[in-house]
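The structure appears right after this line, and notes come after that.
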Amino acid sequence: MGRLTMRTSPVRMKSRRNPFVDVTYGAETAEYATLVLEPPDRRWASADRLRLVIQLEGVTKHYPRSNRPSVEDFNVFIDKGEFVFFIGPTGAGKSTMIKLLLREEVPDKGKITVGDTDVTRLRRWKVPAYRRSIGCVFQDFRLLPNRTAAENVAFALEVIGKPRSVARRVVPEVLELVGLGGKEHRYPHELSGGEQQRVAVARAFVNRPLLLLADEPTGNLDPDTSIEIMRLLDRISRTGTTILMVTHDSNIVNQMRRRVIEIENGQIVRDQARGVYG
Amino acid sequence: MRAKYVMSEVFLGLWRNISMTVAMIITMAVSLTMLGAGLLLYNQVDVIEEYYQTNLEVVVYLQRDVTEEVTAQIEAELKESPYVETVKYESKEQAYERFKETFKDTPDLVKSVDAEVLPSAFRIKMVDIADAPKLQAEFQDREGVYQVTNQREILQQVFDILGGAQRLTLIVALVQGVAALMLVANTIQVAAYSRRREVAIMKLVGAPNWFVQAPFVLEAVFAGVIGAIFAFATLVAAKFLVIDGQFANLFSLMPPISMQSILLLLPILVGVSAVISAITAWITLRFNIKV
Ligand SMILES: Nc1ncnc2c1ncn2[C@@H]1O[C@H](COP(=O)(O)OP(=O)(O)O)[C@@H](O)[C@H]1O
Ligand SMILES: [Mg+2]
């Protein structure tokens with residue numbers, strides 16, 4: 001847990017000097033232009049720059065009751081700290097890829113490596129431990145309605161056996177980090193969509209995962225709120241967390257200018273550094 | 001901390017689905033009561049066998065007009081038989097004394113029987129009571145012999161009745177047990193559905209499988225243990241109210257069912273019920289909660 005406090009504090013301090021966060025944070029109207037101003041910050045990741053976090057080698061997934069593979073011969077290599085957009089039409093296979101990375105599905109062919117883990121060979125009983133190294137955010141937030149923001153985040157710690165004292169210390173910190181300071185004790189129905197998604201991000205991030213997967217995290221949010229969530233994810237990315245985000249939002253992709261991988265009919269048709277939606 | 005969470009989820013789950021919980025406990029209690037009764041009967045057969053084994057005799061009743069000469073001959077032949085251990089002669093008078101002693105509680109019956117009516121007999125202790133039919137066959141049609149009875153045959157009827165009762169209780173236990181386990185499976189499915197959000201999140205954040213499954217398995221185990229305790233209470237009540245109480249006379253032929261053997265049932269019933277409920281819950285979960 002020492003690692004957690006060490007990492008959060010520099011981020012907070014840095015935000016003062018970081019024009020990206022300071023200039024636009026909390027602005028009434030979303031200014032996509034400001035997102036472009038900021039080049040990807042590699043200062044935090046530079047030490048591990050060459051370390052691959054995700055390796056997909058010839059990964060194919062064909063659901064039994066489907067007439068074509070949902071994911072076909074994916075070859076993707078993602079570095080630590082990278083921020084990658086996955087785009088493509090509905091049914092392209094983006095969520096399937098997320099499921100493969102989460103080991104909710106197993107590929108028919110190919111090899112998936114995340115960090116040091118060969119996910120394709122992972123034993124059933126080792127899956128939970130593996131998932132602790134991954135944070136996950138979805139379009140529908142997936143919060144527990146009968147728990148407050150703080151309790152929702154604490155739940156993720158509790159169920160993996162972290163003592164309550166850790167939750168007491170860490171949960172307010174991470175809620176502060178996602179900009180929910182003062183709203184810890186609100187229930188999901190007392191929060192806006194954007195705020196609920198912040199809770200979900202806090203929950204995904206509270207264990208300091210190696211990798212953050214986001215499946216259309218802004219899909220249910222209006223453009224302004226989407227921008228705020230993107231700023232949050234960007235800040236998290238700067239802590240060295242690798243982020244893999246599925247999205248349909250062309251504005252976000254065009255403004256962020258990060259690596260873009262485009263999928264169509266289960267195949268990768270484009271993999272471009274600093275790409276646009278196209 | 002986590003234990004507290006698990007326990008609160010267990011009781012919340014049982015309470016949220018209270019009608020199913022009650023149905024589950026009742027069917028389990030009925031099934032386990034029958035299982036317990038079946039085990040007691042099984043034990044009882046052993047007890048009776050042991051109780052009588054050493055006392056079982058073959059009795060050769062003589063014809064009323066048998067001569068002393070023939071009687072002596074028969075005695076000699078019996079003593080020579082390899083199946084026979086000891087032979088004891090019982091005269092008409094002795095038979096009448098024994099009869100009076102046996103039925104001393106019903107003097108009317110004793111009065112109605114003439115001392116002359118009862119036959120004299122040889123009471124035989126066998127080397128092995130299982131050989132009784134051979135002895136029977138040998139002496140059945142001999143001159144002067146009226147009848148050869150094998151007490152084991154009479155006891156066999158008691159065993160047949162007990163065996164039938166035992167089979168019946170075990171069938172009811174099995175049928176009720178299957179019903180109980182279906183209710184367990186159903187309860188677990190309902191519980192898994194009502195907790196699907198929690199389960200999905202727990203799996204997503206990497207809660208260990210045992211932890212995800214624990215509340216469900218413990219729900220089933222809890223119901224199983226309560227059912228077993230009810231079954232035990234029913235059996236104790238049955239001993240005091242039925243066997244020792246109202247129908248005591250009916251059961252007087254049997255050696256009594258000891259409190260000790262009923263007490264022994266408590267851990268057996270609780271253990272069997274808890275283990276089978278847990279396994280059922282766990283199997284149900286494997287089909288409902290994929291990793
Ligand atoms: N469980 C499943 N069984 C069968 N086919 C599936 C299943 N999940 C997804 N698919 C199919 O796989 C394809 C890709 O789905 P998905 O990965 O959800 O697409 P996306 O997230 O890009 O919209 C679609 O054609 C979909 O119908
Ligand atoms: Mg999708």
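Identifiers in this document derive from the order of the structure tokens: chains are assigned A, B, ..., residues are numbered from 1 separately in each chain, and ligands are numbered from 1 in order of occurrence.
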List all protein, DNA and RNA residues that have at least one atom no more than 7 Å from any atom of ligand 2, counting only C-alpha atoms and all ligand atoms, and write them as JSON, numbers by chain. {"A": [90, 91, 94, 95, 215]}
Show me which residues line ligand 1, defined as having an atom within 7 Å of a ligand atom where only C-alpha atoms and all ligand atoms count, and present them as a PyMOL selection string. chain A and resi 63-66+70+88-97+266
Show me which bits of chain A are within 8 Å of chain B, counting only C-alpha atoms, as a list in words.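 That gives Glu104, Arg124, Trp125, Val127, Pro128, Ala129, Tyr130, Arg131, Arg132, Ile134, Gly135, Cys136, Arg142, Leu144, Ala156, Glu158, Val159, Ile160, Gly161, Pro163, Arg164 and Ala204 of chain A for chain A.
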Once you have the residues from the selection above, write them out as an mmCIF file, in the first residue's frame, restricted to N, CA, C and O atoms.
data_model
loop_
_atom_site.group_PDB
_atom_site.id
_atom_site.type_symbol
_atom_site.label_atom_id
_atom_site.label_comp_id
_atom_site.auth_asym_id
_atom_site.auth_seq_id
_atom_site.Cartn_x
_atom_site.Cartn_y
_atom_site.Cartn_z
ATOM 1 N N GLU A 104 -12.604 -13.444 -19.464
ATOM 2 C CA GLU A 104 -13.994 -13.906 -19.359
ATOM 3 C C GLU A 104 -14.259 -14.867 -20.503
ATOM 4 O O GLU A 104 -15.136 -15.724 -20.428
ATOM 5 N N ARG A 124 -7.882 -21.780 -13.947
ATOM 6 C CA ARG A 124 -9.127 -21.202 -13.451
ATOM 7 C C ARG A 124 -8.968 -20.513 -12.096
ATOM 8 O O ARG A 124 -9.441 -19.406 -11.884
ATOM 9 N N TRP A 125 -8.293 -21.205 -11.195
ATOM 10 C CA TRP A 125 -8.223 -20.677 -9.824
ATOM 11 C C TRP A 125 -7.291 -19.486 -9.730
ATOM 12 O O TRP A 125 -7.261 -18.789 -8.721
ATOM 13 N N VAL A 127 -7.393 -17.049 -11.989
ATOM 14 C CA VAL A 127 -8.024 -15.928 -12.684
ATOM 15 C C VAL A 127 -8.289 -14.742 -11.746
ATOM 16 O O VAL A 127 -7.984 -13.600 -12.093
ATOM 17 N N PRO A 128 -8.860 -14.976 -10.543
ATOM 18 C CA PRO A 128 -9.117 -13.829 -9.670
ATOM 19 C C PRO A 128 -7.867 -12.991 -9.391
ATOM 20 O O PRO A 128 -7.907 -11.767 -9.485
ATOM 21 N N ALA A 129 -6.774 -13.658 -9.076
ATOM 22 C CA ALA A 129 -5.539 -12.915 -8.781
ATOM 23 C C ALA A 129 -5.103 -12.110 -10.010
ATOM 24 O O ALA A 129 -4.673 -10.961 -9.891
ATOM 25 N N TYR A 130 -5.265 -12.709 -11.177
ATOM 26 C CA TYR A 130 -4.919 -12.000 -12.412
ATOM 27 C C TYR A 130 -5.777 -10.745 -12.582
ATOM 28 O O TYR A 130 -5.278 -9.671 -12.917
ATOM 29 N N ARG A 131 -7.060 -10.884 -12.306
ATOM 30 C CA ARG A 131 -7.966 -9.749 -12.525
ATOM 31 C C ARG A 131 -7.681 -8.586 -11.574
ATOM 32 O O ARG A 131 -8.073 -7.460 -11.830
ATOM 33 N N ARG A 132 -7.017 -8.890 -10.475
ATOM 34 C CA ARG A 132 -6.692 -7.800 -9.556
ATOM 35 C C ARG A 132 -5.689 -6.839 -10.164
ATOM 36 O O ARG A 132 -5.518 -5.730 -9.673
ATOM 37 N N ILE A 134 -5.995 -5.722 -13.117
ATOM 38 C CA ILE A 134 -6.708 -5.008 -14.172
ATOM 39 C C ILE A 134 -7.872 -4.233 -13.569
ATOM 40 O O ILE A 134 -8.607 -4.754 -12.736
ATOM 41 N N GLY A 135 -8.014 -2.983 -14.000
ATOM 42 C CA GLY A 135 -9.190 -2.216 -13.621
ATOM 43 C C GLY A 135 -10.126 -2.178 -14.814
ATOM 44 O O GLY A 135 -9.688 -2.288 -15.958
ATOM 45 N N CYS A 136 -11.422 -2.033 -14.530
ATOM 46 C CA CYS A 136 -12.360 -2.106 -15.643
ATOM 47 C C CYS A 136 -13.497 -1.112 -15.464
ATOM 48 O O CYS A 136 -14.044 -0.984 -14.370
ATOM 49 N N ARG A 142 -21.983 0.019 -13.630
ATOM 50 C CA ARG A 142 -21.956 -1.187 -12.783
ATOM 51 C C ARG A 142 -21.639 -0.889 -11.318
ATOM 52 O O ARG A 142 -20.756 -1.512 -10.720
ATOM 53 N N LEU A 144 -23.085 -0.657 -7.264
ATOM 54 C CA LEU A 144 -24.107 -1.269 -6.430
ATOM 55 C C LEU A 144 -25.032 -0.165 -5.936
ATOM 56 O O LEU A 144 -24.591 0.762 -5.256
ATOM 57 N N ALA A 156 -14.651 -3.111 -3.540
ATOM 58 C CA ALA A 156 -13.617 -3.733 -4.373
ATOM 59 C C ALA A 156 -12.398 -4.133 -3.546
ATOM 60 O O ALA A 156 -11.713 -5.099 -3.873
ATOM 61 N N GLU A 158 -12.586 -4.698 -0.078
ATOM 62 C CA GLU A 158 -13.071 -5.671 0.891
ATOM 63 C C GLU A 158 -13.049 -7.086 0.322
ATOM 64 O O GLU A 158 -12.553 -8.007 0.961
ATOM 65 N N VAL A 159 -13.625 -7.236 -0.871
ATOM 66 C CA VAL A 159 -13.822 -8.585 -1.387
ATOM 67 C C VAL A 159 -12.525 -9.236 -1.847
ATOM 68 O O VAL A 159 -12.495 -10.438 -2.103
ATOM 69 N N ILE A 160 -11.447 -8.479 -1.953
ATOM 70 C CA ILE A 160 -10.173 -9.134 -2.226
ATOM 71 C C ILE A 160 -9.337 -9.238 -0.948
ATOM 72 O O ILE A 160 -8.153 -9.552 -0.995
ATOM 73 N N GLY A 161 -10.000 -8.969 0.187
ATOM 74 C CA GLY A 161 -9.376 -9.271 1.466
ATOM 75 C C GLY A 161 -8.515 -8.170 2.055
ATOM 76 O O GLY A 161 -7.761 -8.406 2.985
ATOM 77 N N PRO A 163 -7.711 -5.227 4.462
ATOM 78 C CA PRO A 163 -8.298 -4.855 5.755
ATOM 79 C C PRO A 163 -9.027 -3.515 5.669
ATOM 80 O O PRO A 163 -8.744 -2.689 4.816
ATOM 81 N N ARG A 164 -9.959 -3.358 6.578
ATOM 82 C CA ARG A 164 -10.806 -2.163 6.551
ATOM 83 C C ARG A 164 -9.981 -0.884 6.731
ATOM 84 O O ARG A 164 -10.304 0.163 6.180
ATOM 85 N N ALA A 204 -12.104 1.147 -10.207
ATOM 86 C CA ALA A 204 -11.179 0.427 -11.086
ATOM 87 C C ALA A 204 -9.727 0.762 -10.748
ATOM 88 O O ALA A 204 -8.831 -0.054 -10.913
#
Mind checking which residues fall within 9 Å of A:Arg186, counting only C-alpha atoms, ignoring those fewer than 3 positions away in the same chain, and posting them as a PyMOL selection string? chain A and resi 147-150+182-183+189-191
Can I get the selection written as a compact mmCIF listing (two decimals), in the first residue's frame, with all heavy atoms?
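Output contents, as saved in again09.txt:
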# COMPACT_ATOMS: atom_id res chain seq x y z
N ARG A 147 -25.24 0.99 -2.15
CA ARG A 147 -24.02 1.40 -1.45
C ARG A 147 -23.62 2.80 -1.91
O ARG A 147 -23.80 3.15 -3.07
CB ARG A 147 -22.87 0.42 -1.77
CG ARG A 147 -23.01 -0.89 -1.06
CD ARG A 147 -21.98 -1.88 -1.56
NE ARG A 147 -22.22 -3.20 -0.99
CZ ARG A 147 -21.59 -3.66 0.08
NH1 ARG A 147 -20.68 -2.92 0.69
NH2 ARG A 147 -21.87 -4.85 0.55
N THR A 148 -23.05 3.54 -0.98
CA THR A 148 -22.61 4.89 -1.31
C THR A 148 -21.38 4.83 -2.21
O THR A 148 -20.80 3.75 -2.42
CB THR A 148 -22.24 5.67 -0.05
OG1 THR A 148 -21.12 5.02 0.55
CG2 THR A 148 -23.39 5.73 0.93
N ALA A 149 -20.98 6.00 -2.71
CA ALA A 149 -19.78 6.07 -3.55
C ALA A 149 -18.59 5.44 -2.84
O ALA A 149 -17.90 4.58 -3.38
CB ALA A 149 -19.49 7.52 -3.90
N ALA A 150 -18.40 5.85 -1.57
CA ALA A 150 -17.26 5.33 -0.82
C ALA A 150 -17.38 3.82 -0.61
O ALA A 150 -16.40 3.09 -0.73
CB ALA A 150 -17.17 6.04 0.53
N GLY A 182 -16.13 15.18 -1.10
CA GLY A 182 -17.36 15.77 -0.56
C GLY A 182 -18.62 15.02 -0.96
O GLY A 182 -19.68 15.26 -0.40
N LYS A 183 -18.50 14.10 -1.92
CA LYS A 183 -19.69 13.35 -2.33
C LYS A 183 -19.55 11.86 -2.00
O LYS A 183 -20.26 11.02 -2.54
CB LYS A 183 -19.92 13.53 -3.83
CG LYS A 183 -20.30 14.97 -4.17
CD LYS A 183 -20.51 15.18 -5.65
CE LYS A 183 -20.91 16.64 -5.88
NZ LYS A 183 -20.95 16.99 -7.30
N HIS A 189 -27.87 6.86 -7.09
CA HIS A 189 -29.00 7.61 -7.64
C HIS A 189 -28.97 9.09 -7.24
O HIS A 189 -29.75 9.88 -7.74
CB HIS A 189 -30.33 6.96 -7.24
CG HIS A 189 -30.66 7.12 -5.78
ND1 HIS A 189 -30.31 6.18 -4.84
CD2 HIS A 189 -31.29 8.11 -5.11
CE1 HIS A 189 -30.71 6.58 -3.65
NE2 HIS A 189 -31.32 7.75 -3.78
N GLU A 190 -28.05 9.43 -6.34
CA GLU A 190 -27.91 10.84 -5.97
C GLU A 190 -26.76 11.50 -6.72
O GLU A 190 -26.38 12.62 -6.40
CB GLU A 190 -27.66 10.97 -4.46
CG GLU A 190 -28.81 10.42 -3.63
CD GLU A 190 -28.46 10.31 -2.14
OE1 GLU A 190 -27.29 10.10 -1.80
OE2 GLU A 190 -29.40 10.41 -1.33
N LEU A 191 -26.20 10.76 -7.69
CA LEU A 191 -25.07 11.28 -8.45
C LEU A 191 -25.46 11.37 -9.94
O LEU A 191 -26.27 10.58 -10.42
CB LEU A 191 -23.86 10.36 -8.31
CG LEU A 191 -23.24 10.26 -6.92
CD1 LEU A 191 -22.24 9.11 -6.88
CD2 LEU A 191 -22.57 11.57 -6.53
As a PyMOL selection string, please: every residue in stretch 64-173 of chain A that a backbone DSSP assignment puts in strand (DSSP E). chain A and resi 71-79+83-87+109-114+117-118+134-138
Identify, on the basis of only C-alpha atoms, every residue whose closest approach to stretch 31-33 of chain B does not exceed 8 Å; exclude the query and any residue fewer than 2 positions from it along the same chain; express the result as a PyMOL selection string. chain B and resi 27-29+35-37+172-177+180+227-228+231-232+234-235+269+273
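For the set B:Val10, B:Ala72, B:Ile229, B:Val117, the residue with the smallest atom-to-atom gap to B:Val30 is B:Ile229, counting only C-alpha atoms.
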Run DSSP on the backbone and give me the residues of stretch 79-230 of chain B it puts in helix (DSSP H, G or I), as a PyMOL selection string. chain B and resi 79-80+92-102+107-112+129-139+151-194+196-205+209-230
Expressed in Å to a single decimal, how great is the separation between atom CA of A:Thr60 and atom CA of A:Leu122? 16.9 Å
